[in-house]
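What follows is the content of target.cif, which has mmCIF, C-alpha atoms:
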data_protein
loop_
_atom_site.label_atom_id
_atom_site.label_comp_id
_atom_site.auth_asym_id
_atom_site.auth_seq_id
_atom_site.Cartn_x
_atom_site.Cartn_y
_atom_site.Cartn_z
CA MET A 17 -3.74 12.66 -21.44
CA TYR A 18 -1.50 12.49 -18.46
CA ILE A 19 -1.51 10.54 -15.20
CA PRO A 20 0.73 11.99 -12.49
CA GLU A 21 3.03 9.61 -10.70
CA ALA A 22 1.16 10.13 -7.44
CA ASP A 23 -2.01 8.84 -9.13
CA PHE A 24 -0.18 5.75 -10.36
CA GLU A 25 1.11 5.17 -6.85
CA TYR A 26 -2.41 5.47 -5.45
CA LEU A 27 -3.95 3.23 -8.11
CA ILE A 28 -1.34 0.49 -7.82
CA ARG A 29 -1.45 0.46 -4.04
CA THR A 30 -5.26 0.43 -3.93
CA LEU A 31 -5.56 -2.27 -6.56
CA SER A 32 -2.83 -4.43 -5.01
CA GLU A 33 -4.60 -4.38 -1.66
CA ALA A 34 -7.96 -5.05 -3.31
CA ARG A 35 -6.51 -7.99 -5.23
CA SER A 36 -5.22 -9.54 -2.01
CA ARG A 37 -8.57 -9.06 -0.31
CA ALA A 38 -10.54 -10.38 -3.25
CA THR A 39 -8.35 -13.47 -3.50
CA GLU A 40 -8.70 -14.08 0.23
CA LEU A 41 -12.49 -13.65 -0.01
CA ALA A 42 -12.74 -15.98 -2.99
CA VAL A 43 -10.77 -18.68 -1.17
CA SER A 44 -12.81 -18.27 2.03
CA ILE A 45 -16.12 -18.39 0.22
CA GLY A 46 -15.01 -21.27 -1.98
CA SER A 47 -13.97 -23.31 1.03
CA ARG A 48 -17.39 -22.77 2.61
CA LEU A 49 -19.71 -22.99 -0.37
CA GLY A 50 -17.71 -24.89 -2.97
CA GLY A 51 -16.22 -23.77 -6.24
CA GLU A 52 -19.46 -24.11 -8.20
CA HIS A 53 -21.50 -21.78 -6.01
CA GLN A 54 -22.58 -18.51 -7.60
CA LEU A 55 -20.99 -16.45 -4.81
CA THR A 56 -17.62 -18.16 -5.32
CA GLN A 57 -17.80 -17.46 -9.03
CA LEU A 58 -18.69 -13.82 -8.41
CA ALA A 59 -15.76 -13.51 -6.00
CA ASN A 60 -13.44 -15.07 -8.58
CA ALA A 61 -14.77 -12.73 -11.26
CA ALA A 62 -14.17 -9.70 -9.03
CA ALA A 63 -10.63 -10.88 -8.26
CA PHE A 64 -10.00 -11.47 -11.98
CA ASN A 65 -11.24 -7.98 -12.89
CA ILE A 66 -9.10 -6.38 -10.20
CA GLU A 67 -6.06 -8.32 -11.41
CA ASN A 68 -6.79 -7.28 -14.97
CA THR A 69 -7.10 -3.59 -14.08
CA LEU A 70 -3.98 -3.72 -11.94
CA ARG A 71 -2.00 -5.25 -14.79
CA GLU A 72 -3.17 -2.58 -17.21
CA VAL A 73 -2.38 0.22 -14.77
CA ARG A 74 1.09 -1.23 -14.22
CA ASN A 75 1.64 -1.47 -17.96
CA ALA A 76 0.56 2.14 -18.39
CA ALA A 77 2.89 3.19 -15.58
CA SER A 78 5.87 1.38 -17.10
CA ASP A 79 5.06 2.73 -20.59
CA LYS A 80 4.97 6.21 -19.15
CA GLN A 81 8.30 5.73 -17.48
CA GLU A 82 9.91 4.50 -20.68
CA SER A 83 8.45 7.14 -22.96
CA ALA A 84 8.44 10.09 -20.61
CA PRO A 85 9.59 13.12 -22.60
CA GLY A 86 12.76 14.69 -21.34
CA LEU A 87 13.56 11.86 -18.97
CA ALA A 88 17.20 11.91 -20.04
CA ASP A 89 17.23 15.66 -19.49
CA LEU A 90 15.69 15.21 -16.07
CA GLN A 91 18.24 12.57 -15.17
CA GLY A 92 21.02 14.85 -16.36
CA ALA A 93 19.64 17.66 -14.27
CA LEU A 94 19.54 15.40 -11.26
CA GLN A 95 23.11 14.33 -11.83
CA SER A 96 24.39 17.85 -12.26
CA GLU A 97 22.27 19.38 -9.53
CA PHE A 98 22.84 16.78 -6.87
CA GLN A 99 26.54 16.24 -6.78
CA PRO A 100 27.87 14.44 -3.72
CA VAL A 101 27.54 16.80 -0.80
CA THR A 102 30.61 17.54 1.24
CA PRO A 103 29.65 16.85 4.83
CA THR A 104 29.52 20.21 6.50
CA THR A 105 27.29 21.70 9.12
CA SER A 106 23.82 21.88 7.63
CA PRO A 107 22.28 25.31 7.17
CA ILE A 108 19.24 24.07 9.08
CA GLY A 109 21.40 23.15 12.02
CA LEU A 110 21.64 19.40 11.55
CA ASP A 111 24.79 17.64 12.53
CA PRO A 112 26.79 16.52 9.44
CA GLU A 113 26.40 12.93 10.61
CA HIS A 114 22.62 13.24 11.00
CA TRP A 115 20.79 10.35 9.35
CA LEU A 116 18.82 12.72 7.11
CA HIS A 117 21.91 13.58 5.08
CA ALA A 118 22.68 9.94 4.39
CA PHE A 119 19.01 9.28 3.62
CA VAL A 120 18.77 12.12 1.10
CA ASP A 121 22.10 11.18 -0.49
CA GLU A 122 21.04 7.57 -0.90
CA LEU A 123 17.61 8.55 -2.24
CA LEU A 124 19.21 10.78 -4.85
CA ALA A 125 21.73 8.10 -5.77
CA ARG A 126 18.89 5.66 -6.36
CA ALA A 127 17.02 8.29 -8.36
CA ARG A 128 20.02 8.68 -10.62
CA VAL A 129 20.16 4.94 -11.21
CA SER A 130 16.45 4.31 -11.73
CA GLY A 131 15.55 7.63 -13.35
CA GLY A 132 13.10 8.79 -10.68
CA VAL A 133 11.92 8.78 -7.10
CA THR A 134 8.63 7.16 -6.18
CA PHE A 135 6.71 7.27 -2.90
CA GLU A 136 7.20 3.52 -2.59
CA SER A 137 10.96 3.63 -3.00
CA ALA A 138 11.25 6.54 -0.54
CA GLU A 139 9.07 4.72 1.99
CA ARG A 140 11.09 1.54 1.59
CA LEU A 141 14.35 3.36 2.07
CA LEU A 142 13.04 5.22 5.12
CA GLN A 143 11.87 1.94 6.62
CA GLN A 144 15.34 0.47 6.06
CA ARG A 145 16.85 3.46 7.85
CA LYS A 146 14.45 3.01 10.77
CA ASP A 147 15.24 -0.70 10.99
CA GLU A 148 18.98 0.00 10.94
CA TYR A 149 18.60 2.67 13.62
CA LEU A 150 16.60 0.36 15.86
CA ARG A 151 19.10 -2.45 15.37
CA ASP A 152 22.03 -0.17 16.22
CA PHE A 153 20.17 1.23 19.22
CA LEU A 154 19.45 -2.23 20.61
CA ILE A 155 23.08 -3.30 20.12
CA ALA A 156 24.32 -0.14 21.84
CA ARG A 157 21.95 -0.64 24.76
CA LYS A 158 23.01 -4.25 25.14
CA MET A 159 26.69 -3.22 25.07
CA TYR A 160 26.09 -0.55 27.69
CA ARG A 161 24.29 -2.98 30.00
CA THR A 162 26.91 -5.68 29.53
CA TYR A 163 30.02 -3.50 29.66
CA PRO A 164 29.11 -0.28 31.53
CA GLN A 165 32.80 0.32 32.28
CA LEU A 166 33.31 1.06 28.57
CA PHE A 167 31.02 4.09 28.84
CA PRO A 168 32.35 6.02 31.84
CA GLU A 169 30.94 9.36 30.68
CA ILE A 170 27.39 7.96 30.60
CA VAL A 171 27.81 6.24 33.96
CA ASP A 172 29.09 9.48 35.51
CA ALA A 173 26.27 11.49 34.02
CA THR A 174 23.74 8.98 35.36
CA ARG A 175 25.20 9.19 38.86
CA THR A 176 25.11 12.97 38.90
CA GLY A 177 21.51 12.97 37.67
CA ILE A 178 22.08 14.48 34.27
CA ALA A 179 21.57 11.36 32.30
CA PRO A 180 20.19 11.73 28.79
CA MET K 3 -27.51 -28.72 0.54
CA ASN K 4 -26.31 -27.25 3.82
CA PHE K 5 -23.66 -24.52 3.79
CA ASP K 6 -21.41 -23.36 6.52
CA THR K 7 -22.58 -19.78 6.88
CA ARG K 8 -20.52 -18.93 9.94
CA GLY K 9 -18.27 -15.94 9.50
CA PHE K 10 -20.13 -14.53 6.53
CA SER K 11 -20.75 -11.25 8.34
CA ASN K 12 -17.01 -10.81 8.58
CA LEU K 13 -16.56 -11.65 4.89
CA THR K 14 -19.35 -9.22 3.98
CA ARG K 15 -17.65 -6.48 5.99
CA LYS K 16 -14.31 -7.12 4.27
CA ALA K 17 -15.93 -7.17 0.84
CA THR K 18 -17.74 -3.89 1.58
CA GLU K 19 -14.46 -2.28 2.63
CA MET K 20 -12.86 -3.49 -0.58
CA MET K 21 -15.74 -2.02 -2.59
CA LEU K 22 -15.41 1.35 -0.86
CA ASP K 23 -11.63 1.39 -1.29
CA THR K 24 -11.82 0.77 -5.03
CA ALA K 25 -14.87 2.93 -5.76
CA ASP K 26 -12.77 5.94 -6.66
CA VAL K 27 -10.45 4.15 -9.11
CA PRO K 28 -12.66 4.69 -12.21
CA ASN K 29 -13.15 8.35 -11.25
CA VAL K 30 -9.41 8.95 -11.09
CA LEU K 31 -8.87 7.27 -14.46
CA ARG K 32 -11.87 9.02 -16.04
CA SER K 33 -10.63 12.43 -14.93
CA ARG K 34 -7.16 11.74 -16.34
CA LEU K 35 -7.84 9.64 -19.42
CA GLY K 36 -11.44 10.29 -20.35
CA GLU K 37 -14.56 8.16 -20.42
CA GLN K 38 -13.66 6.13 -23.50
CA HIS K 39 -10.16 5.07 -22.55
CA GLU K 40 -9.57 1.34 -22.25
CA LEU K 41 -8.27 1.65 -18.72
CA THR K 42 -11.30 3.63 -17.58
CA ARG K 43 -13.60 1.01 -19.05
CA ALA K 44 -11.64 -1.83 -17.41
CA ALA K 45 -11.88 -0.05 -14.07
CA GLY K 46 -15.61 0.47 -14.56
CA GLU K 47 -16.11 -3.23 -15.24
CA MET K 48 -14.03 -4.05 -12.21
CA VAL K 49 -16.12 -1.85 -9.91
CA ALA K 50 -19.34 -3.24 -11.38
CA SER K 51 -18.22 -6.81 -10.73
CA ILE K 52 -17.20 -5.95 -7.16
CA GLU K 53 -20.58 -4.29 -6.56
CA THR K 54 -22.43 -7.32 -7.89
CA PHE K 55 -20.37 -9.62 -5.71
CA VAL K 56 -20.95 -7.50 -2.59
CA ARG K 57 -24.69 -7.22 -3.27
CA GLU K 58 -25.04 -10.98 -3.62
CA LEU K 59 -22.86 -11.59 -0.59
CA ARG K 60 -24.98 -9.21 1.50
CA SER K 61 -28.11 -10.90 0.28
CA PHE K 62 -26.70 -14.32 1.12
CA ASP K 63 -25.49 -13.12 4.52
CA ALA K 64 -28.90 -11.61 5.33
CA SER K 65 -30.72 -14.79 4.31
CA ALA K 66 -28.38 -16.82 6.52
CA GLU K 67 -29.22 -14.76 9.61
CA PRO K 68 -31.51 -16.54 12.04
CA VAL K 69 -35.09 -15.27 11.96
CA VAL K 70 -35.77 -13.15 15.04
CA THR K 71 -39.35 -13.31 16.23
CA ASP K 72 -40.86 -10.06 17.31
CA VAL K 73 -41.54 -10.73 20.98
CA TYR K 74 -44.02 -7.89 21.16
CA GLN K 75 -46.06 -9.15 18.24
CA ASP K 76 -48.52 -11.11 20.33
CA LEU K 77 -48.87 -8.63 23.15
#
Show this structure as structure tokens.
Amino acid sequence: MYIPEADFEYLIRTLSEARSRATELAVSIGSRLGGEHQLTQLANAAAFNIENTLREVRNAASDKQESAPGLADLQGALQSEFQPVTPTTSPIGLDPEHWLHAFVDELLARARVSGGVTFESAERLLQQRKDEYLRDFLIARKMYRTYPQLFPEIVDATRTGIAP
Amino acid sequence: MNFDTRGFSNLTRKATEMMLDTADVPNVLRSRLGEQHELTRAAGEMVASIETFVRELRSFDASAEPVVTDVYQDL
């Protein structure tokens, strides 16, 4: 019997969202009808059952991670296969300083530490990258507006109509 | 006893969405672990309790709706 990681991801995400909704519903109904009303008790029972299932799924997921056969081998393979990449021009034409290189490197580094890559961890890391990019972009724009003389090449390009 | 029934349509809609979102959970577990596995049974109980809750909520919501008189009834 085997549950793929993608299924665990789906189950945990679905049940987490359902738990939040059920709790919110139970509180809303309880505040309207009172804690003793049958509907409030049914809402609480649903929330309890969701919480229970979520806990068991999480336990199964963590058990699987701990007892996964060949996990050490997989980790070793990751470590040997994904040595730090010397920044060179990418075969797919990406600049060596492109964010994708840093993203992949960091994802693999985390995989080596935690023993695997999950959709959630990849999403979280990508979101961090997006936030950092947006922050840097806003700072750069503010600098350009405040000190345009520091960016003569951009000012010249704008004047000649070939601005980016 | 008077209850505040405002907003129950919205709660019913949210509960129905929750029921639809979780409906497939037992199927996934059944296909991976089998019918008799503890997790599959827990998920089945969970879905059953959500369905009962939504059914009662719908019933309550419907009974709270104001009665609309058929205006053509007496014509």
As AutoDock Vina command-line options, please: the centre and edge lengths in Å, to one decimal, of an axis-aligned box enclosing every listed atom of segment 48-59 of chain K with 4 Å added on each side.
--center_x -19.5 --center_y -6.7 --center_z -6.4 --size_x 19.0 --size_y 17.7 --size_z 19.6
Using all atoms listed in the file, find the residues of chain K whose closest atom to chain A is at most 8 Å away, then write them as a PDB file with C-alpha atoms, in the frame of the given file.
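Result file out-v9.pdb:
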ATOM      1  CA  PHE K   5     -23.660 -24.520   3.790  1.00  0.00           C
ATOM      2  CA  ASP K   6     -21.410 -23.360   6.520  1.00  0.00           C
ATOM      3  CA  THR K   7     -22.580 -19.780   6.880  1.00  0.00           C
ATOM      4  CA  LEU K  13     -16.560 -11.650   4.890  1.00  0.00           C
ATOM      5  CA  LYS K  16     -14.310  -7.120   4.270  1.00  0.00           C
ATOM      6  CA  ALA K  17     -15.930  -7.170   0.840  1.00  0.00           C
ATOM      7  CA  MET K  20     -12.860  -3.490  -0.580  1.00  0.00           C
ATOM      8  CA  ASP K  23     -11.630   1.390  -1.290  1.00  0.00           C
ATOM      9  CA  THR K  24     -11.820   0.770  -5.030  1.00  0.00           C
ATOM     10  CA  VAL K  27     -10.450   4.150  -9.110  1.00  0.00           C
ATOM     11  CA  VAL K  30      -9.410   8.950 -11.090  1.00  0.00           C
ATOM     12  CA  ARG K  34      -7.160  11.740 -16.340  1.00  0.00           C
ATOM     13  CA  LEU K  35      -7.840   9.640 -19.420  1.00  0.00           C
ATOM     14  CA  LEU K  41      -8.270   1.650 -18.720  1.00  0.00           C
ATOM     15  CA  ALA K  44     -11.640  -1.830 -17.410  1.00  0.00           C
ATOM     16  CA  ALA K  45     -11.880  -0.050 -14.070  1.00  0.00           C
ATOM     17  CA  GLU K  47     -16.110  -3.230 -15.240  1.00  0.00           C
ATOM     18  CA  MET K  48     -14.030  -4.050 -12.210  1.00  0.00           C
ATOM     19  CA  SER K  51     -18.220  -6.810 -10.730  1.00  0.00           C
ATOM     20  CA  ILE K  52     -17.200  -5.950  -7.160  1.00  0.00           C
ATOM     21  CA  THR K  54     -22.430  -7.320  -7.890  1.00  0.00           C
ATOM     22  CA  PHE K  55     -20.370  -9.620  -5.710  1.00  0.00           C
ATOM     23  CA  GLU K  58     -25.040 -10.980  -3.620  1.00  0.00           C
ATOM     24  CA  LEU K  59     -22.860 -11.590  -0.590  1.00  0.00           C
TER      25      LEU K  59
END
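We find atom CA of Met21 of chain K and atom CA of Ala50 of chain K to be spaced 9.6 Å apart.
Closest approach to Arg60 of chain K among K:Arg15, K:Gly36, K:Leu31, K:Gly9: K:Arg15, based on only C-alpha atoms.
As for atom CA of Ser33 of chain K and atom CA of Arg140 of chain A, they are spaced 29.4 Å apart.
Rounded to one decimal, atom CA of Val133 of chain A and atom CA of Arg145 of chain A lie 16.6 Å from each other.
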What do you get, as a VMD selection string, if you spell out every residue that the PyMOL selection byres ((chain A and resi 126) around 12) selects here?
-> chain A and resid 91 94 to 95 98 119 to 125 127 to 134 137 to 138 140 to 141
